[in-house]
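Participant: Dropping a structure here in structure tokens format, bear with me for questions.
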Amino acid sequence: MAFEFKNQSGDSVLYKHNFTTKDFEVDQLLTDSFIVPLPFGEMNLRQWFFNGIRMIYTESVITDTAVLDWKSNMDFITMYFYLQGKFSILDKNMPKAFELSSNQHNMFYSKEAEGKMKFSELRMKSFLIQFSKNSFLNIANDGNDSIKRFADNVASGKSVAFADSNLNIDLPLQNCINGVLNCNYSDSLKKMFLFSKAIEMLVLQAESFDKVTNRETQYINKDYDKERILFARDYLLRNIEAPPTLTVLSRIAGINEYKLKRGFKETFNQTVFEYLSGVRLELAKNDLLERRKSVTEIAFGLGYSSLQHFSAAFKKKFGVAPSKVG
């Protein structure tokens with residue numbers, strides 16, 4: 001057994017998969033997608049394998065909240081990015097269990113672990129990157145002090161979490177995840193692209209850890225406030241073509257405007273509208289590369305007041321006019 005999860009009573013195995021290091025150590029890019037049926041819905045998985053690395057995106061759609069037990073004896077390093085829902089991991093060799101909620105990430109190494117998958121929302125989304133031990137140690141040689149400390153524990157076979165407290169997924173990390181999910185390159189280029197994203201996300205995770213280590217939380221300390229900041233972010237993204245003012249957004253999110261402004265920047269390292277602008281421009285770039293829409297359609301579809309405003313913002317961020325992309 002490599003990985004399985006059961007219903008909470010433990011009397012029924014709902015999913016089981018035997019992974020080995022050989023599954024990861026393949027030169028060509030292998031892709032797969034499948035559905036895992038659940039008693040209360042289904043889990044959709046997409047995964048990519050290449051050169052000791054596995055990327056997995058899961059999206060679960062359920063009819064009721066539930067808790068499943070899971071366990072694993074995979075000797076791999078795993079970067080967890082929880083986009084929606086809740087998930088907990090427990091290793092008997094770690095001092096505490098870790099629970100990841102929406103918009104949180106961390107990295108773990110363990111030879112044997114177990115925990116609970118909490119379907120606390122009717123839609124649950126996650127993105128994972130797993131490294132074989134050899135592939136991670138080769139990459140970590142060029143890392144900073146925090147990565148090298150983590151790698152030293154991995155090399156010695158010690159169960160370890162990268163950060164004592166989970167980190168927040170900021171816009172650069174979210175853009176990396178979106179880049180992987182929307183990648184349309186041919187397989188040879190796609191493998192190179194996915195490898196670059198795995199490295200980039202490891203770098204961004206280390207940078208996020210260093211920032212948190214050197215900064216104390218000032219504005220967002222309560223779980224309620226964290227939930228409201230995430231709600232505000234999600235509301236912005238759902239209304240990207242016509243975003244509300246800060247005053248209206250704070251009222252909709254149920255948090256005062258001062259705390260919204262300060263807390264949003266503390267959580268995502270950007271102001272509300274810097275974040276919104278970044279998302280808009282990344283979406284525009286993807287549309288331009290895929291040639292699905294004209295520049296004018298993209299600009300007004302994303303809520304820009306004029307084509308000139310959009311072109312100027314795009315060129316400032318990417319160094320090229322939108323008309324020159326593709």
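Ligands are numbered from 1 in the order shown, chains are lettered A, B, ... in the order of the structure tokens, and residues start at 1 in each chain.
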Give me the residues within 7 Å of A:Trp48 as a compact mmCIF listing (two decimals) with N, CA and C atoms, in the first residue's frame, counting only C-alpha atoms and dropping any in the same chain fewer than 5 places off.

Facilitator:
```txt
# COMPACT_ATOMS: atom_id res chain seq x y z
N LEU A 29 7.03 12.83 -20.14
CA LEU A 29 5.91 13.36 -19.37
C LEU A 29 4.71 12.42 -19.51
N LEU A 30 4.19 11.97 -18.37
CA LEU A 30 2.98 11.14 -18.36
C LEU A 30 1.85 11.93 -17.71
N THR A 31 0.70 11.92 -18.31
CA THR A 31 -0.46 12.62 -17.76
C THR A 31 -1.61 11.64 -17.57
N ASP A 32 -2.48 11.98 -16.64
CA ASP A 32 -3.59 11.08 -16.34
C ASP A 32 -4.70 11.90 -15.69
N ARG A 54 5.80 14.60 -9.32
CA ARG A 54 4.38 14.35 -9.61
C ARG A 54 3.59 15.58 -9.20
N MET A 55 2.75 16.08 -10.08
CA MET A 55 1.84 17.17 -9.77
C MET A 55 0.42 16.64 -9.79
N ILE A 56 -0.39 17.05 -8.83
CA ILE A 56 -1.76 16.56 -8.73
C ILE A 56 -2.71 17.72 -8.46
```

Participant: Among stretch 30-242 of chain A, which residues does DSSP mark as alpha helix (DSSP H) when it is run on the backbone? Keep the chain and numbering as in the structure and answer as a ChimeraX atom specification.

Facilitator: /A:133-140,145-155,171-181,187-213,223-238

Participant: Extract, using only C-alpha atoms, all DNA, RNA and protein residues at most 12 Å from A:Lys158, discarding same-chain residues fewer than 2 positions from it, and format them as a list in words.

Facilitator: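 Skipping anything fewer than 2 positions along the chain leaves Asp75, Phe76, Ile77, Asp91, Lys92, Asn93, Met94, Phe108, Tyr109, Ser110, Lys111, Glu112, Arg149, Phe150, Ala151, Asp152, Asn153, Val154, Ala155, Ser156, Val160 and Ala161 of chain A.
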
Participant: Which residues are near A:Phe3? Cut-off 10 Å, only C-alpha atoms, ignore same chain within fewer than 3 positions. Put them as an MDAnalysis selection string.

Facilitator: chainID A and resid 15:19 70:74 112:114

Participant: Got a sec to tell me which of stretch 92-194 of chain A DSSP assigns to strand (DSSP E or B), as number ranges by chain?

Facilitator: A: 98-101, 104-110, 113-119, 123-132, 160-161, 167-168

Participant: Find the distance between atom CA of A:Asn44 and atom CA of A:Leu128 and write it in Å to one decimal.

Facilitator: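 Distance reported for this atom pair: 13.8 Å.
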
Participant: Name the residues in contact with A:Ala299 at a cut-off of 12 Å, using only C-alpha atoms, excluding same-chain residues fewer than 6 positions from it; report them as a list of chain:residue names.

Facilitator: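 Residues near the query, excluding close chain neighbours: A:Ile240, A:Glu241, A:Ser277, A:Arg280, A:Leu281, A:Leu283, A:Ala284, A:Lys285, A:Asp287, A:Leu288, A:Lys293, A:Ser305, A:Ser306, A:Leu307, A:Gln308, A:His309, A:Phe310, A:Ser311, A:Ala312, A:Ala313, A:Phe314, A:Pro322, A:Ser323.
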
Participant: Next, the residues of the selection above should be written as a PDB file, in the first residue's frame with C-alpha atoms.

Facilitator:
```pdb
ATOM      1  CA  ILE A 240     -13.536  40.760 -11.801  1.00  0.00           C
ATOM      2  CA  GLU A 241     -15.231  42.576 -14.688  1.00  0.00           C
ATOM      3  CA  SER A 277      -4.801  44.047 -11.424  1.00  0.00           C
ATOM      4  CA  ARG A 280      -6.653  40.508 -14.610  1.00  0.00           C
ATOM      5  CA  LEU A 281      -3.368  40.808 -16.491  1.00  0.00           C
ATOM      6  CA  LEU A 283      -5.918  36.164 -17.395  1.00  0.00           C
ATOM      7  CA  ALA A 284      -5.394  38.557 -20.295  1.00  0.00           C
ATOM      8  CA  LYS A 285      -2.007  37.048 -21.085  1.00  0.00           C
ATOM      9  CA  ASP A 287      -6.288  34.614 -23.447  1.00  0.00           C
ATOM     10  CA  LEU A 288      -3.844  36.334 -25.781  1.00  0.00           C
ATOM     11  CA  LYS A 293     -10.339  36.679 -28.062  1.00  0.00           C
ATOM     12  CA  SER A 305     -12.392  51.376 -18.906  1.00  0.00           C
ATOM     13  CA  SER A 306     -10.474  51.787 -22.158  1.00  0.00           C
ATOM     14  CA  LEU A 307      -8.236  49.866 -24.531  1.00  0.00           C
ATOM     15  CA  GLN A 308      -5.454  52.383 -23.912  1.00  0.00           C
ATOM     16  CA  HIS A 309      -5.600  51.827 -20.146  1.00  0.00           C
ATOM     17  CA  PHE A 310      -5.428  48.069 -20.615  1.00  0.00           C
ATOM     18  CA  SER A 311      -2.532  48.267 -23.118  1.00  0.00           C
ATOM     19  CA  ALA A 312      -0.509  50.537 -20.833  1.00  0.00           C
ATOM     20  CA  ALA A 313      -1.011  48.276 -17.798  1.00  0.00           C
ATOM     21  CA  PHE A 314      -0.179  45.166 -19.807  1.00  0.00           C
ATOM     22  CA  PRO A 322      -0.806  43.053 -25.911  1.00  0.00           C
ATOM     23  CA  SER A 323      -1.027  43.334 -29.688  1.00  0.00           C
TER      24      SER A 323
END
```

Participant: Mind pulling up the distance from atom CA of A:Asp234 to atom CA of A:Ala163?

Facilitator: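 We find that atom CA of A:Ala163 and atom CA of A:Asp234 lie 25.2 Å from each other.
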
Participant: Choose the residue, out of A:Gly85, A:Gly263, A:Gly52, A:Gly303, that has the smallest atom-to-atom separation from A:Lys125; count only C-alpha atoms.

Facilitator: A:Gly85

Participant: Nearest to A:Asp64 among A:Arg251, A:Arg291, A:Lys118, A:Lys316, with distances taken over only C-alpha atoms: which residue is it?

Facilitator: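 Distance minimum relative to A:Asp64 lands on A:Lys118.
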
Participant: Using only C-alpha atoms, pick whichever of A:Lys22, A:Lys317, A:Lys261, A:Arg46 has the shortest atom-to-atom distance to A:Leu181.

Facilitator: A:Arg46

Participant: Just want the 8 Å neighbourhood of A:Glu59, counted on only C-alpha atoms, with same-chain residues fewer than 2 positions away dropped. Output as an mmCIF file with C-alpha atoms, in the first residue's frame.

Facilitator:
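Once written, around.cif looks like this:
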```cif
data_model
loop_
_atom_site.group_PDB
_atom_site.id
_atom_site.type_symbol
_atom_site.label_atom_id
_atom_site.label_comp_id
_atom_site.auth_asym_id
_atom_site.auth_seq_id
_atom_site.Cartn_x
_atom_site.Cartn_y
_atom_site.Cartn_z
ATOM 1 C CA MET A 43 -13.329 13.505 -6.582
ATOM 2 C CA ASN A 44 -11.796 14.520 -9.927
ATOM 3 C CA LEU A 45 -8.022 14.163 -10.253
ATOM 4 C CA TYR A 57 -4.857 18.750 -8.939
ATOM 5 C CA VAL A 61 -17.930 17.965 -5.637
ATOM 6 C CA ARG A 123 -16.489 21.966 -3.351
ATOM 7 C CA MET A 124 -12.934 21.187 -2.277
ATOM 8 C CA LYS A 125 -9.850 21.997 -4.368
ATOM 9 C CA SER A 126 -6.170 21.287 -3.859
#
```

Participant: Using only C-alpha atoms, which protein or nucleic acid residues come within 12 Å of A:Ser165? Drop anything in the same chain fewer than 3 positions from it, and give the result as a PDB file with C-alpha atoms, in the first residue's frame.

Facilitator:
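Now in selection.pdb:
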```
ATOM      1  CA  LYS A  96       1.639  18.042  16.245  1.00  0.00           C
ATOM      2  CA  ALA A  97      -0.938  17.572  13.519  1.00  0.00           C
ATOM      3  CA  PHE A  98      -1.191  20.145  10.739  1.00  0.00           C
ATOM      4  CA  GLU A  99      -4.502  21.299   9.320  1.00  0.00           C
ATOM      5  CA  LEU A 100      -4.536  23.182   6.036  1.00  0.00           C
ATOM      6  CA  SER A 101      -7.527  25.354   5.172  1.00  0.00           C
ATOM      7  CA  GLN A 104      -2.868  27.807   2.812  1.00  0.00           C
ATOM      8  CA  HIS A 105       0.270  25.911   1.863  1.00  0.00           C
ATOM      9  CA  ASN A 106       3.126  24.022   3.482  1.00  0.00           C
ATOM     10  CA  MET A 107       5.612  21.263   2.679  1.00  0.00           C
ATOM     11  CA  PHE A 108       6.104  17.972   4.513  1.00  0.00           C
ATOM     12  CA  ALA A 161       7.270  20.258   8.194  1.00  0.00           C
ATOM     13  CA  PHE A 162       8.779  23.157   6.293  1.00  0.00           C
ATOM     14  CA  ASN A 168      -0.832  31.954   2.765  1.00  0.00           C
ATOM     15  CA  SER A 208       7.015  33.224   1.818  1.00  0.00           C
ATOM     16  CA  PHE A 209       8.496  31.369   4.791  1.00  0.00           C
ATOM     17  CA  VAL A 212       6.642  35.315   7.704  1.00  0.00           C
ATOM     18  CA  THR A 213       9.616  34.438   9.891  1.00  0.00           C
TER      19      THR A 213
END
```

Participant: What is the atom CA of A:Ser196-atom CA of A:Asn144 distance in Å, reported with one decimal?

Facilitator: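 Going from atom CA of A:Ser196 over to atom CA of A:Asn144 covers 17.3 Å.
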